[in-house]
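Notes to accompany the following structure.
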Amino acid sequence: MNGVTKMLLNLIIIGALSGAVLSGVFTAADPMIKANKEQELREAVFYVLPEARDFVKVEKTVGQEKLVVYKGINENGEPVGMAFKADGNGFQANIGLMVGLDLDYLKLKGIEVLDQLETPGLGDRIRDESFKDQFKGLEVKPRIEYIKFRKPEKPNQIQAITGATISSEAVIKNINRAVEKVVANFPREEMMKVVDGHRPAQAVEGQDAAR
Amino acid sequence: MPQDRSLFYEFKKGLWQDIPPFRLLLGLCPALAVSNSAINGLSMGLATLFVLFTSNMVVSLIRRTISAKVRIPAYVVVIATLVTVTDIFLAAVFPAISKALGPYIPLIVANCIILGRAEAFAQKNPLLPTAMDTLGIGLGFTMSLTLMGVIREVLGFGSVFGVKLLGSWFEPWIVMILPAGAFLVLGALVALVGWISSRKAAREAAAAEPASH
């Protein structure tokens, strides 16, 4: 076997083996990764709507955009709030949030950070409880604002993280934009409807037992 | 170069004599980028250790079949495959760790320690010495990154592994968490390790002197 054939064979075999290993691993792992994402989403919805025992996905297409809202319901199928995703630019990359809004369409019930690539140690403190907890009961009207170095003075203010104003501001901008869209496209009456004859999914029953 | 070095020597050298990135100045990018807290440094070190170990075992296994002219692309494919497998595996089985390490796992591909050890060691040695070599270098790298993480976290946040050490009187040096702090700490540690090593070498030389006469 001459040198060129050997080189070609080497690379072909290594490439083929690599491809086989990768597709095998991916095929095995993909359902698990999808399930993890789904689980993460469910947990985020229950985190931002603590009273919810289940939720219903409500979809709407507005222009080009598909809007998705998760309507949280309690044991009796009564709505307790709505959760939706709020994505937008952070300091370096997308910040993905789950936002819980009260049915009065005025106060937030909580937020959760799903995706972020903010500066470790600075911007990524948006994941800290102390930051997220500021959004519980926060008023979204006229819009959420931030204040630096001091405790918030108004019901629609939060204190920005020292050294990470851009990340804090990005979170607020994302929430404001998403809330505006949801409030405009999902009328309150529609959201107040009791969900009849709903059967909680298996995973939710497990969740119930855990609580 | 001594021919029959013990397996223990191959392991031990990575922990001080050739410790990356302070003595073996490789893997500087992850050392600078992911050492801003103790836990980040530790996780990155362990992930690198895993890829370093597995990929160099494969390189050592195939070292006789690979033509010398195409060895680098072949090694890169092996390393990239293992990194991707690690990335997918973490996302599927340990989503929390995968989330915390985020974009850093794919970057292990570009860590030159791994290709460096494949070139310098694994392609010339059988499995067992290669295993010892990569475990030593990998552990050394993990220790270094954790040490840098601890120093930067203490100065930048007043905490270690997320546990507050210093009271509220301490004004954190935010710069230590930022990229500039990484350069400062890395430079200081390279200088310190170099200084200790050269003093040790000088002492050993002085001790050997009378004996040789």
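Here's how to read the names in the structure tokens: chain A, B, ... by the order shown, residue numbers from 1 in each chain, ligand numbers from 1 in the order shown.
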
From a DSSP pass on the backbone, collect the residues of region 2-189 of chain A flagged as alpha helix (DSSP H) and hand them back as a ChimeraX atom specification. /A:3-48,129-132,165-185,188-189

Quick one: which residues from chain B are at most 6 Å off chain A, using only C-alpha atoms, as a VMD selection string? chain B and resid 67 81 92

Run DSSP on the backbone and give me the residues of region 150-208 of chain B it puts in strand (DSSP E), as a PDB file with C-alpha atoms, in the first residue's frame.
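Result file is out-v4.pdb:
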ATOM      1  CA  SER B 159     -16.305  34.161  48.547  1.00  0.00           C
ATOM      2  CA  VAL B 160     -15.029  30.669  47.710  1.00  0.00           C
ATOM      3  CA  VAL B 163     -19.555  30.644  50.274  1.00  0.00           C
ATOM      4  CA  LYS B 164     -18.968  34.138  51.662  1.00  0.00           C
TER       5      LYS B 164
END

Determine, counting only C-alpha atoms, which protein, DNA and RNA residues have an atom within 6 Å of an atom of region 138-146 of chain B; residues of the same chain fewer than 3 positions away are not included. Present the result as a compact mmCIF listing (two decimals) with N, CA and C atoms, in the first residue's frame.
# COMPACT_ATOMS: atom_id res chain seq x y z
N GLY B 14 2.96 16.06 35.74
CA GLY B 14 1.91 17.01 35.40
C GLY B 14 1.45 17.85 36.59
N LEU B 15 1.81 17.39 37.79
CA LEU B 15 1.31 18.08 38.98
C LEU B 15 2.22 19.23 39.43
N ILE B 19 3.38 21.43 35.13
CA ILE B 19 1.96 21.75 35.38
C ILE B 19 1.45 22.79 34.39
N PRO B 20 0.37 22.47 33.67
CA PRO B 20 -0.21 23.49 32.81
C PRO B 20 -1.18 24.34 33.64
N ALA B 31 -7.79 28.84 30.65
CA ALA B 31 -7.31 29.29 31.96
C ALA B 31 -7.71 30.74 32.19
N SER B 35 -11.78 30.92 34.63
CA SER B 35 -11.27 30.81 36.00
C SER B 35 -11.80 31.92 36.89
N ALA B 38 -14.28 29.63 41.55
CA ALA B 38 -13.68 28.34 41.87
C ALA B 38 -14.43 27.21 41.19
N GLY B 41 -13.76 27.02 37.41
CA GLY B 41 -12.42 26.49 37.14
C GLY B 41 -12.39 24.98 37.33
N LEU B 42 -12.99 24.52 38.42
CA LEU B 42 -13.01 23.09 38.71
C LEU B 42 -13.75 22.31 37.63
N GLY B 45 -11.84 22.26 34.40
CA GLY B 45 -10.68 21.39 34.55
C GLY B 45 -11.08 19.93 34.40
N LEU B 49 -10.03 17.32 31.58
CA LEU B 49 -9.37 16.07 31.99
C LEU B 49 -10.00 14.88 31.27
N THR B 134 -1.70 11.68 30.84
CA THR B 134 -2.84 12.57 30.67
C THR B 134 -3.57 12.79 31.99
N LEU B 135 -3.60 11.76 32.85
CA LEU B 135 -4.24 11.98 34.15
C LEU B 135 -3.47 13.02 34.95
N GLY B 149 -9.33 30.19 40.06
CA GLY B 149 -10.71 30.50 40.37
C GLY B 149 -10.87 30.94 41.81

Region 166-182 of chain A surroundings by only C-alpha atoms, 7 Å radius, close-in-sequence under 6 positions cut, as a ChimeraX atom specification: /A:86-91,123,126,143-144,160

Deliver the residues from the most recent selection as a file, using C-alpha atoms, as a compact mmCIF listing (two decimals), in the first residue's frame.
# COMPACT_ATOMS: atom_id res chain seq x y z
CA ALA A 86 -39.48 36.76 26.81
CA ASP A 87 -36.43 36.59 24.57
CA GLY A 88 -34.12 39.37 23.54
CA ASN A 89 -30.55 40.56 23.38
CA GLY A 90 -28.50 40.54 26.52
CA PHE A 91 -24.96 41.81 26.95
CA GLY A 123 -24.28 39.58 34.34
CA ILE A 126 -29.58 37.72 36.87
CA ARG A 143 -43.36 49.95 32.24
CA ILE A 144 -40.72 48.33 34.42
CA ALA A 160 -30.08 46.83 38.94

Residues within 12 Å of Asp18 (chain B), please, as a PyMOL selection string. Count only C-alpha atoms; anything in the same chain fewer than 3 positions from it doesn't count. chain B and resi 9-15+21-26+113+117+133-134+136-141+144+190+193-194+197

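The interatomic distance for the pair CA of Leu155 (chain B) and CA of Asn40 (chain B) works out to 15.6 Å.
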
If we count only C-alpha atoms, what is near Gln159 (chain A) at a cut-off of 8 Å, once residues fewer than 6 positions away on the same chain are taken out, given as number ranges by chain? A: 134, 146-152

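Distance annotation: of B:Val83, B:Ala202, B:Val34, B:Ile66, the residue with the minimal separation from Gln123 (chain B) is B:Ile66; atom set is only C-alpha atoms.
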
What does the distance from CA of Leu103 (chain A) to CA of Asp124 (chain A) come to in Å, to one decimal?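 Straight-line distance from CA of Leu103 (chain A) to CA of Asp124 (chain A) works out to 29.5 Å.
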